[in-house]
Amino acid sequence: MMPTPAPLPVPVSHVFGDDEPVFGTAHHLVDGIAVPVFGKRRSWPGDCIRRPSNRPKAMWTVYFPVDDPQRNLQLRELAFALLNPTHRVLRQASVFLTAEPPSLSTVTQTCRKINTVMRWAHAHGWPADLGQCSPDDWQEFLDDQARDNSSAVLRHLVQAVRHLAKVSTVVTGISGFTDPWKGEPAVEVARRTAAVAEKYGDGLSTPSIPPATWWPLLRAAWTYIHTFAPDILDLRDKLAAAPKITRTGGATHASSAELDDKVRTWLADPAHAVPVHAVAWNRAEAGVPVWTTLSQLITGGATACLFGRGNHVNGRQKDRRDMVLAAAAEGRVQPIAGRDGITATAGPTYVPRSRRPQGRTARELDQVLADWLADPGNRVPVRDRDAAAGAAGTPVYGILARHVFQRGKADLFSHSATGLRRRAMVAEAVAAGRVMPVIGEATHRYLTIDCPGFALVTGPDSEPRPWRTTITRRELDDELRMIRAACYCFVAGLSLMRDSEIQEIERGALTTHFGSPAITSRKIKRDPSQPELFWWVIEPVAEALAVAERLSWHTSHLFATLRPPTGKQMFGRRGIEAADDIDFFIEHINADRDRTGLPEIPLAHVRPHMFRRTMSIITGREPDAEIALGLQLKHAARRALANRTTVNYGQMDAKWAKEFDHELEWAAARKLVDLLKARRDGEAVAVGPGATRLHARLDNVIDTLDTDARLRAQVADERAQVALLHAEFPDLHLGTLNHCMWDAGQAECQNQLPPDQRGEAPLIGACKPARCRNSTVTRAHAPIWLAEEEDLTEMSKDPRLAPPRREAVLIELADVQRITRAFKDQKGGH
């Protein structure tokens with residue numbers, strides 16, 4: 001037999017004591033929570049300091065490797081030094097860090113990255129003392145990591161190595177060393193190592209959300225917030241207020257305190273006697289209370305578990321048993337035998353539900369089933385797949401009994417003559433297709449609930465219809481999550497807040513700041529004090545927050561798990577997994593398009609931090625955007641409240657550059673709507689060389705609207721008109737003097753260009769609006785032309801004007817009068 005190897009000796013730190021608290025004076029500790037000590041080798045939970053809402057408890061813990069005692073000690077010393085930057089040992093070792101410690105998330109990430117470094121170093125034969133490695137060695141490690149990682153990961157690795165270098169003199173087994181990259185910005189080191197420029201070329205690794213995904217995502221979120229949320233939340237509240245049917249048919253669930261009061265009240269009545277076993281029965285001695293019968297007697301049959309089940313008795317149930325035993329010790333007992341029930345107690349008699357006929361005969365129960373089946377809205381629950389209890393498509397009688405008779409007993413459909421008769425009635429409904437597949441032995445969560453009065457949407461046939469007619473409790477849970485995800489996406493998209501800042505929004509956060517609507521929240525990133533700051537918002541964002549506040553059960557935070565805390569605390573924390581909610585939202589929008597009428601959201605990688613970047617690009621095109629973005633993004637106040645990061649956030653990328661060109665085309669189409677309305681009334685809406693083409697194209701749009709029955713019903717819908725105009729005028733360019741219906745072959749401006757450069761785009765500076773066949777002049781342009789005619793006329797009469805200059809003025813005046821005469825002729829004709 002091989003001898004068991006001796007365990008490796010556990011090294012002891014010579015700088016930090018095992019009993020020293022991990023979170024020292026630099027941290028704001030939560031009262032009543034134990035603080036982990038340095039000697040705890042497996043993990044250091046951060047329960048004793050405030051956890052940001054967007055960090056699950058598992059991510060608010062520093063974990064250390066247990067397979068290597070030396071590495072475990074070194075990582076603990078590194079983490080301890082970062083968490084206690086003013087510790088006396090660091091001062092004595094001439095290690096001077098910023099007084100404010102980094103966040104626990106940063107420390108956790110640093111330990112993970114250094115653990116990666118140490119494993120790689122061991123695998124590649126580096127010395128155990130990392131302080132002996134040269135800058136070339138560290139760059140070799142980074143080059144190797146660049147093969148499989150993005151520049152963002154490389155940047156984090158550089159930062160982690162620099163953290164280790166700062167505290168290396170207090171880490172056991174590592175010699176003191178300095179920054180291998182000599183202070184070069186980490187992002188530049190990462191980009192250089194990756195051997196290619198950043199994909200977005202702006203020093204910012206955060207990508208934007210593609211326009212094709214961004215717009216339908218926000219529209220779907222707003223539809224859920226503004227249209228669908230009231231229906232779902234009203235239904236949720238209605239179901240919450242309705243009495244709940246228990247497994248034994250009792251009424252509303254009672255709290256533990258209310259059940260305790262029921263026991264005290266029942267025992268306080270001297271007429272009540274405790275049922276006890278008359279003889280030993282089923283491992284219970286004579287004289288022992290019949291706990292299940294007593295429970296049903298006290299609660300009216302609502303539960304048989306008031307005093308626990310067998311040997312499974314918790315502390316509260318034991319206290320109730322003690323109260324009963326005290327009453328039994330006074331002689332207030334009534335012996336009963338086996339299943340005979342209570343027949344001689346002075347109090348009211350309770351007969352177990354399994355032996356009650358429910359006050360109805362078998363024929364009456366048949367009629368209840370027949371009435372239920374006669375309702376076309378009711379569907380029979382059937383198995384969705386083959387199972388041991390039955391094949392796919394066969395009825396689940398336990399669920400059906402619970403739904404029809406409010407009683408979860410499948411024996412109502414037993415193989416007796418009565419049960420077989422009822423099964424035949426059910427089989428007719430199944431054969432007619434009135435079924436509802438359920439998963440396994442499903443519960444009431446799969447039963448259908450009607451949705452009367454839900455909001456109308458436009459169906460595939462262009463007819464209005466409710467977006468939902470029925471729903472199950474499971475689907476209701478999904479819809480509640482969709483509302484939460486919609487609120488998150490909408491707020492993230494339009495407020496420029498970070499994920500951590502959104503998830504710290506609390507009830508009553510809506511306010512005003514300098515006279516404009518705003519919300520208050522905590523700034524988490526790089527700010528241990530977590531101050532409350534203001535973010536300006538628009539009215540729809542305020543509505544989204546109001547919906548999130550109504551949805552949330554949490555006493556303080558708007559974004560929390562959908563279920564409140566339970567006895568085992570499996571649910572009920574503040575904060576959500578935002579990335580999972582975003583994926584869930586997009587997936588369900590695309591899957592339910594036929595029901596909701598919402599457009600498809602093209603699949604793309606969408607994460608919380610990308611909303612800030614995308615909205616910054618859109619906002620960056622507005623005047624003074626750089627200062628506004630600096631304020632809203634909460635970046636450091638440098639260079640007129642905007643720094644390099646702000647500029648990078650708002651810098652255009654290729655995806656959005658094309659989108660803005662496309663938006664200009666749609667803006668041009670929207671400008672034509674008023675012209676279309678005037679043209680429908682028979683007016684000549686333009687003059688100039690291209691007026692005939694403009695009128696013809698407007699007439700084409702009018703004919704399409706008049707001949708297509710579906711479009712004719714939408715003639716008052718401006719969006720439909722804009723869509724048709726955009727298709728009819730794909731190359732329309734709006735101008736101050738005229739509009740250009742771009743056609744390269746007829747463009748006068750192209751004559752100024754070499755032949756190989758013609759046909760790409762109009763040259764605004766070389767436009768001849770009175771001569772070019774692409775040019776149209778509308779009434780909106782008329783005042784400019786009339787003013788120009790007056791100015792040129794006055795100029796031509798000036799006697800001091802040189803003959804060549806006068807001739808040029810007269811030529812230009814003749815061009816202008818081609819347009820102004822046309823306007824005057826139109827006016828005279830009317």
# chains A, B, ... in the order shown; residues from 1 in each chain; ligands from 1
>>> residues_around(residues="Ser168 of chain A", least_positions_apart="3", cutoff="12 Å", atoms="only C-alpha atoms", output="VMD selection string")
chain A and resid 74 to 75 77 to 79 81 to 82 90 93 to 95 129 to 132 160 to 165 171 to 179
>>> atom_distance(atom1="atom CA of Ala744 of chain A", atom2="atom CA of Val687 of chain A")
20.4 Å
>>> closest_residue(among="A:Ala780, A:Ala686, A:Leu698, A:Leu365", to="Leu724 of chain A", atoms="only C-alpha atoms")
A:Leu698
>>> atom_distance(atom1="atom CA of Cys740 of chain A", atom2="atom CA of Asn774 of chain A")
5.3 Å
>>> residues_around(residues="segment 38-47 of chain A", least_positions_apart="4", cutoff="10 Å", atoms="only C-alpha atoms", output="PyMOL selection string")
chain A and resi 12-13+16-23+29-30+33-34+51+57-66+69+72-73+75-77+79-80+104-105+108
>>> write_last_selection(atoms="N, CA and C atoms", output="mmCIF file, in the first residue's frame")
data_model
loop_
_atom_site.group_PDB
_atom_site.id
_atom_site.type_symbol
_atom_site.label_atom_id
_atom_site.label_comp_id
_atom_site.auth_asym_id
_atom_site.auth_seq_id
_atom_site.Cartn_x
_atom_site.Cartn_y
_atom_site.Cartn_z
ATOM 1 N N VAL A 12 3.512 30.847 6.439
ATOM 2 C CA VAL A 12 2.942 31.892 7.280
ATOM 3 C C VAL A 12 3.518 33.226 6.853
ATOM 4 N N SER A 13 2.675 34.231 6.793
ATOM 5 C CA SER A 13 3.137 35.554 6.414
ATOM 6 C C SER A 13 3.960 36.158 7.543
ATOM 7 N N PHE A 16 1.933 40.200 7.797
ATOM 8 C CA PHE A 16 0.552 40.394 8.245
ATOM 9 C C PHE A 16 0.154 39.245 9.167
ATOM 10 N N GLY A 17 -0.521 39.552 10.261
ATOM 11 C CA GLY A 17 -0.961 38.533 11.197
ATOM 12 C C GLY A 17 -2.256 37.868 10.762
ATOM 13 N N ASP A 18 -2.396 36.574 11.093
ATOM 14 C CA ASP A 18 -3.592 35.841 10.694
ATOM 15 C C ASP A 18 -4.865 36.414 11.298
ATOM 16 N N ASP A 19 -4.764 37.116 12.425
ATOM 17 C CA ASP A 19 -5.955 37.640 13.086
ATOM 18 C C ASP A 19 -6.274 39.072 12.680
ATOM 19 N N GLU A 20 -5.533 39.644 11.736
ATOM 20 C CA GLU A 20 -5.791 41.021 11.336
ATOM 21 C C GLU A 20 -7.024 41.084 10.429
ATOM 22 N N PRO A 21 -7.955 42.018 10.705
ATOM 23 C CA PRO A 21 -9.152 42.143 9.860
ATOM 24 C C PRO A 21 -8.792 42.609 8.459
ATOM 25 N N VAL A 22 -9.430 42.007 7.484
ATOM 26 C CA VAL A 22 -9.146 42.318 6.082
ATOM 27 C C VAL A 22 -9.578 43.733 5.727
ATOM 28 N N PHE A 23 -10.730 44.149 6.216
ATOM 29 C CA PHE A 23 -11.264 45.470 5.913
ATOM 30 C C PHE A 23 -11.021 46.371 7.121
ATOM 31 N N LEU A 29 -17.809 49.999 7.485
ATOM 32 C CA LEU A 29 -18.282 48.660 7.808
ATOM 33 C C LEU A 29 -19.767 48.672 8.167
ATOM 34 N N VAL A 30 -20.441 47.584 7.820
ATOM 35 C CA VAL A 30 -21.845 47.397 8.158
ATOM 36 C C VAL A 30 -21.930 46.790 9.550
ATOM 37 N N ILE A 33 -22.013 42.587 11.081
ATOM 38 C CA ILE A 33 -21.507 41.598 10.123
ATOM 39 C C ILE A 33 -20.038 41.332 10.448
ATOM 40 N N ALA A 34 -19.681 40.042 10.568
ATOM 41 C CA ALA A 34 -18.308 39.667 10.895
ATOM 42 C C ALA A 34 -17.354 40.073 9.774
ATOM 43 N N ARG A 51 -22.376 46.421 -0.682
ATOM 44 C CA ARG A 51 -22.211 45.812 -2.004
ATOM 45 C C ARG A 51 -23.006 46.606 -3.031
ATOM 46 N N LYS A 57 -23.777 38.520 -4.810
ATOM 47 C CA LYS A 57 -22.985 38.214 -3.623
ATOM 48 C C LYS A 57 -21.750 37.388 -3.972
ATOM 49 N N ALA A 58 -21.894 36.470 -4.924
ATOM 50 C CA ALA A 58 -20.759 35.625 -5.298
ATOM 51 C C ALA A 58 -19.626 36.439 -5.922
ATOM 52 N N MET A 59 -19.958 37.576 -6.530
ATOM 53 C CA MET A 59 -18.936 38.419 -7.148
ATOM 54 C C MET A 59 -18.387 39.444 -6.163
ATOM 55 N N TRP A 60 -18.898 39.460 -4.940
ATOM 56 C CA TRP A 60 -18.441 40.393 -3.925
ATOM 57 C C TRP A 60 -17.578 39.635 -2.908
ATOM 58 N N THR A 61 -16.791 38.720 -3.425
ATOM 59 C CA THR A 61 -15.932 37.871 -2.603
ATOM 60 C C THR A 61 -14.605 37.672 -3.322
ATOM 61 N N VAL A 62 -13.510 37.751 -2.572
ATOM 62 C CA VAL A 62 -12.189 37.453 -3.135
ATOM 63 C C VAL A 62 -11.884 35.985 -2.871
ATOM 64 N N TYR A 63 -11.649 35.225 -3.933
ATOM 65 C CA TYR A 63 -11.342 33.805 -3.804
ATOM 66 C C TYR A 63 -9.848 33.583 -4.045
ATOM 67 N N PHE A 64 -9.290 32.631 -3.308
ATOM 68 C CA PHE A 64 -7.866 32.329 -3.427
ATOM 69 C C PHE A 64 -7.684 30.860 -3.781
ATOM 70 N N PRO A 65 -6.651 30.536 -4.567
ATOM 71 C CA PRO A 65 -6.416 29.134 -4.947
ATOM 72 C C PRO A 65 -5.993 28.316 -3.728
ATOM 73 N N VAL A 66 -6.482 27.086 -3.660
ATOM 74 C CA VAL A 66 -6.140 26.220 -2.520
ATOM 75 C C VAL A 66 -5.184 25.103 -2.934
ATOM 76 N N PRO A 69 -0.170 26.356 -1.683
ATOM 77 C CA PRO A 69 -0.123 27.193 -0.473
ATOM 78 C C PRO A 69 0.700 28.457 -0.638
ATOM 79 N N ASN A 72 -1.263 30.898 -2.693
ATOM 80 C CA ASN A 72 -2.383 31.348 -1.862
ATOM 81 C C ASN A 72 -1.938 32.479 -0.942
ATOM 82 N N LEU A 73 -0.792 32.300 -0.282
ATOM 83 C CA LEU A 73 -0.286 33.318 0.639
ATOM 84 C C LEU A 73 0.060 34.606 -0.113
ATOM 85 N N LEU A 75 -1.116 35.810 -2.910
ATOM 86 C CA LEU A 75 -2.304 36.529 -3.376
ATOM 87 C C LEU A 75 -3.050 37.157 -2.204
ATOM 88 N N ARG A 76 -3.059 36.477 -1.051
ATOM 89 C CA ARG A 76 -3.693 37.093 0.129
ATOM 90 C C ARG A 76 -2.935 38.342 0.563
ATOM 91 N N GLU A 77 -1.609 38.297 0.517
ATOM 92 C CA GLU A 77 -0.824 39.481 0.889
ATOM 93 C C GLU A 77 -1.058 40.617 -0.103
ATOM 94 N N ALA A 79 -3.810 41.121 -1.926
ATOM 95 C CA ALA A 79 -5.154 41.648 -1.695
ATOM 96 C C ALA A 79 -5.219 42.465 -0.413
ATOM 97 N N PHE A 80 -4.576 41.996 0.644
ATOM 98 C CA PHE A 80 -4.607 42.709 1.919
ATOM 99 C C PHE A 80 -3.949 44.076 1.783
ATOM 100 N N LEU A 104 -13.640 46.429 -4.033
ATOM 101 C CA LEU A 104 -13.417 44.997 -3.871
ATOM 102 C C LEU A 104 -13.429 44.298 -5.233
ATOM 103 N N SER A 105 -14.206 44.809 -6.172
ATOM 104 C CA SER A 105 -14.231 44.223 -7.518
ATOM 105 C C SER A 105 -12.866 44.344 -8.188
ATOM 106 N N THR A 108 -10.521 41.873 -6.548
ATOM 107 C CA THR A 108 -10.843 40.517 -7.005
ATOM 108 C C THR A 108 -10.272 40.274 -8.393
#
>>> closest_residue(among="A:Ala229, A:Ser495, A:Ala327, A:Ser256", to="Gly315 of chain A", atoms="only C-alpha atoms")
A:Ser256
>>> atom_distance(atom1="atom CA of Thr110 of chain A", atom2="atom CA of Val158 of chain A")
9.9 Å
>>> select_by_dssp(residues="segment 678-798 of chain A", states="strand (DSSP E)", output="list in words")
Ala686, Val687, Leu732, His733, His739, Cys740, Met741, Ser775, Thr776, Val777 and Thr778 of chain A
>>> write_last_selection(atoms="C-alpha atoms", output="PDB file, in the first residue's frame")
ATOM      1  CA  ALA A 686     -42.739  73.974 -57.017  1.00  0.00           C
ATOM      2  CA  VAL A 687     -41.207  75.818 -59.949  1.00  0.00           C
ATOM      3  CA  LEU A 732     -33.274  64.115 -52.560  1.00  0.00           C
ATOM      4  CA  HIS A 733     -30.921  66.801 -51.166  1.00  0.00           C
ATOM      5  CA  HIS A 739     -34.023  71.105 -53.493  1.00  0.00           C
ATOM      6  CA  CYS A 740     -31.893  68.799 -55.663  1.00  0.00           C
ATOM      7  CA  MET A 741     -33.386  65.570 -57.053  1.00  0.00           C
ATOM      8  CA  SER A 775     -33.431  71.741 -59.301  1.00  0.00           C
ATOM      9  CA  THR A 776     -36.857  72.501 -57.814  1.00  0.00           C
ATOM     10  CA  VAL A 777     -37.821  75.634 -55.909  1.00  0.00           C
ATOM     11  CA  THR A 778     -40.757  75.548 -53.494  1.00  0.00           C
TER      12      THR A 778
END
>>> residues_around(residues="Ser796 of chain A", least_positions_apart="4", cutoff="7 Å", atoms="only C-alpha atoms", output="list of chain:residue names")
A:Leu792, A:Arg806, A:Val809, A:Leu810
>>> write_last_selection(atoms="N, CA and C atoms", output="PDB file, in the first residue's frame")
ATOM      1  N   LEU A 792     -30.733  92.566 -57.082  1.00  0.00           N
ATOM      2  CA  LEU A 792     -30.054  92.611 -58.379  1.00  0.00           C
ATOM      3  C   LEU A 792     -30.622  93.721 -59.249  1.00  0.00           C
ATOM      4  N   ARG A 806     -21.954  95.110 -64.924  1.00  0.00           N
ATOM      5  CA  ARG A 806     -23.392  95.266 -65.134  1.00  0.00           C
ATOM      6  C   ARG A 806     -23.938  94.109 -65.962  1.00  0.00           C
ATOM      7  N   VAL A 809     -24.385  91.117 -63.810  1.00  0.00           N
ATOM      8  CA  VAL A 809     -25.548  91.262 -62.931  1.00  0.00           C
ATOM      9  C   VAL A 809     -26.829  90.997 -63.702  1.00  0.00           C
ATOM     10  N   LEU A 810     -26.898  91.515 -64.936  1.00  0.00           N
ATOM     11  CA  LEU A 810     -28.104  91.311 -65.731  1.00  0.00           C
ATOM     12  C   LEU A 810     -28.305  89.834 -66.088  1.00  0.00           C
TER      13      LEU A 810
END
>>> residues_around(residues="Lys677 of chain A", least_positions_apart="5", cutoff="10 Å", atoms="only C-alpha atoms", output="VMD selection string")
chain A and resid 672 682 to 683 685 698 702 721
>>> closest_residue(among="A:Ala26, A:Val541, A:Leu603, A:Val324", to="Ile502 of chain A", atoms="only C-alpha atoms")
A:Val541
>>> closest_residue(among="A:Glu790, A:Asp148, A:Asp143, A:Asp583", to="Thr193 of chain A", atoms="only C-alpha atoms")
A:Asp143
>>> closest_residue(among="A:Ala782, A:Leu562, A:Leu545, A:Leu494", to="Arg612 of chain A", atoms="only C-alpha atoms")
A:Leu494
>>> residues_around(residues="Thr458 of chain A", least_positions_apart="5", cutoff="9 Å", atoms="only C-alpha atoms", output="list in words")
Glu463, Pro464, Arg465, Pro466, Trp467, Thr596 and Gly597 of chain A
>>> write_last_selection(atoms="N, CA and C atoms", output="PDB file, in the first residue's frame")
ATOM      1  N   GLU A 463     -55.135  44.336 -39.069  1.00  0.00           N
ATOM      2  CA  GLU A 463     -56.317  44.565 -38.251  1.00  0.00           C
ATOM      3  C   GLU A 463     -55.914  44.649 -36.777  1.00  0.00           C
ATOM      4  N   PRO A 464     -56.580  45.511 -36.000  1.00  0.00           N
ATOM      5  CA  PRO A 464     -56.250  45.602 -34.572  1.00  0.00           C
ATOM      6  C   PRO A 464     -56.714  44.360 -33.814  1.00  0.00           C
ATOM      7  N   ARG A 465     -55.893  43.929 -32.870  1.00  0.00           N
ATOM      8  CA  ARG A 465     -56.245  42.779 -32.041  1.00  0.00           C
ATOM      9  C   ARG A 465     -55.478  42.885 -30.722  1.00  0.00           C
ATOM     10  N   PRO A 466     -55.979  42.245 -29.642  1.00  0.00           N
ATOM     11  CA  PRO A 466     -55.259  42.311 -28.358  1.00  0.00           C
ATOM     12  C   PRO A 466     -53.897  41.636 -28.474  1.00  0.00           C
ATOM     13  N   TRP A 467     -52.917  42.213 -27.806  1.00  0.00           N
ATOM     14  CA  TRP A 467     -51.578  41.622 -27.886  1.00  0.00           C
ATOM     15  C   TRP A 467     -51.495  40.327 -27.092  1.00  0.00           C
ATOM     16  N   THR A 596     -47.024  40.286 -30.620  1.00  0.00           N
ATOM     17  CA  THR A 596     -46.870  41.668 -30.180  1.00  0.00           C
ATOM     18  C   THR A 596     -46.918  42.677 -31.315  1.00  0.00           C
ATOM     19  N   GLY A 597     -46.653  42.240 -32.557  1.00  0.00           N
ATOM     20  CA  GLY A 597     -46.615  43.169 -33.674  1.00  0.00           C
ATOM     21  C   GLY A 597     -45.362  44.020 -33.720  1.00  0.00           C
TER      22      GLY A 597
END
>>> closest_residue(among="A:Arg50, A:Pro376, A:Gly493, A:Thr265", to="Thr614 of chain A", atoms="only C-alpha atoms")
A:Gly493
>>> residues_around(residues="Phe585 of chain A", least_positions_apart="6", cutoff="12 Å", atoms="only C-alpha atoms", output="ChimeraX atom specification")
/A:216-218,220-221,224,478-490,578-579,591-592,600-601,603,606
>>> select_by_dssp(residues="segment 701-808 of chain A", states="alpha helix (DSSP H)", output="NGL selection string")
:A and (701-707 or 709-712 or 718-728 or 782-796 or 803-808)
>>> decode(residues="segment 137-152 of chain A", atoms="N, CA, C and O atoms", output="compact mmCIF listing (two decimals), in the first residue's frame")
# COMPACT_ATOMS: atom_id res chain seq x y z
N ASP A 137 10.85 39.87 -20.17
CA ASP A 137 10.07 38.70 -19.76
C ASP A 137 8.58 39.04 -19.65
O ASP A 137 7.72 38.28 -20.13
N TRP A 138 8.30 40.17 -19.01
CA TRP A 138 6.90 40.56 -18.86
C TRP A 138 6.25 40.83 -20.21
O TRP A 138 5.08 40.49 -20.43
N GLN A 139 7.00 41.41 -21.14
CA GLN A 139 6.44 41.67 -22.46
C GLN A 139 6.22 40.36 -23.21
O GLN A 139 5.25 40.21 -23.97
N GLU A 140 7.09 39.39 -22.97
CA GLU A 140 6.91 38.06 -23.57
C GLU A 140 5.59 37.44 -23.10
O GLU A 140 4.84 36.85 -23.89
N PHE A 141 5.33 37.55 -21.80
CA PHE A 141 4.06 37.04 -21.26
C PHE A 141 2.88 37.74 -21.93
O PHE A 141 1.90 37.10 -22.35
N LEU A 142 2.96 39.06 -22.07
CA LEU A 142 1.86 39.81 -22.66
C LEU A 142 1.69 39.44 -24.13
O LEU A 142 0.55 39.32 -24.62
N ASP A 143 2.79 39.24 -24.85
CA ASP A 143 2.70 38.83 -26.25
C ASP A 143 2.00 37.49 -26.39
O ASP A 143 1.20 37.28 -27.31
N ASP A 144 2.29 36.57 -25.46
CA ASP A 144 1.65 35.27 -25.50
C ASP A 144 0.14 35.39 -25.25
O ASP A 144 -0.67 34.72 -25.91
N GLN A 145 -0.24 36.24 -24.30
CA GLN A 145 -1.65 36.40 -23.98
C GLN A 145 -2.41 37.09 -25.11
O GLN A 145 -3.62 36.89 -25.27
N ALA A 146 -1.70 37.87 -25.93
CA ALA A 146 -2.35 38.59 -27.02
C ALA A 146 -2.89 37.66 -28.09
O ALA A 146 -3.74 38.06 -28.89
N ARG A 147 -2.41 36.43 -28.13
CA ARG A 147 -2.87 35.49 -29.15
C ARG A 147 -4.32 35.12 -28.98
O ARG A 147 -5.03 34.84 -29.96
N ASP A 148 -4.81 35.09 -27.73
CA ASP A 148 -6.16 34.61 -27.46
C ASP A 148 -7.05 35.65 -26.77
O ASP A 148 -8.20 35.34 -26.45
N ASN A 149 -6.51 36.85 -26.52
CA ASN A 149 -7.28 37.83 -25.76
C ASN A 149 -7.32 39.17 -26.46
O ASN A 149 -6.43 39.51 -27.25
N SER A 150 -8.35 39.92 -26.15
CA SER A 150 -8.50 41.26 -26.72
C SER A 150 -7.58 42.24 -26.02
O SER A 150 -6.99 41.95 -24.96
N SER A 151 -7.45 43.43 -26.58
CA SER A 151 -6.61 44.44 -25.98
C SER A 151 -7.16 44.88 -24.62
O SER A 151 -6.39 45.32 -23.76
N ALA A 152 -8.49 44.76 -24.41
CA ALA A 152 -9.06 45.12 -23.10
C ALA A 152 -8.53 44.18 -22.02
O ALA A 152 -8.20 44.62 -20.91
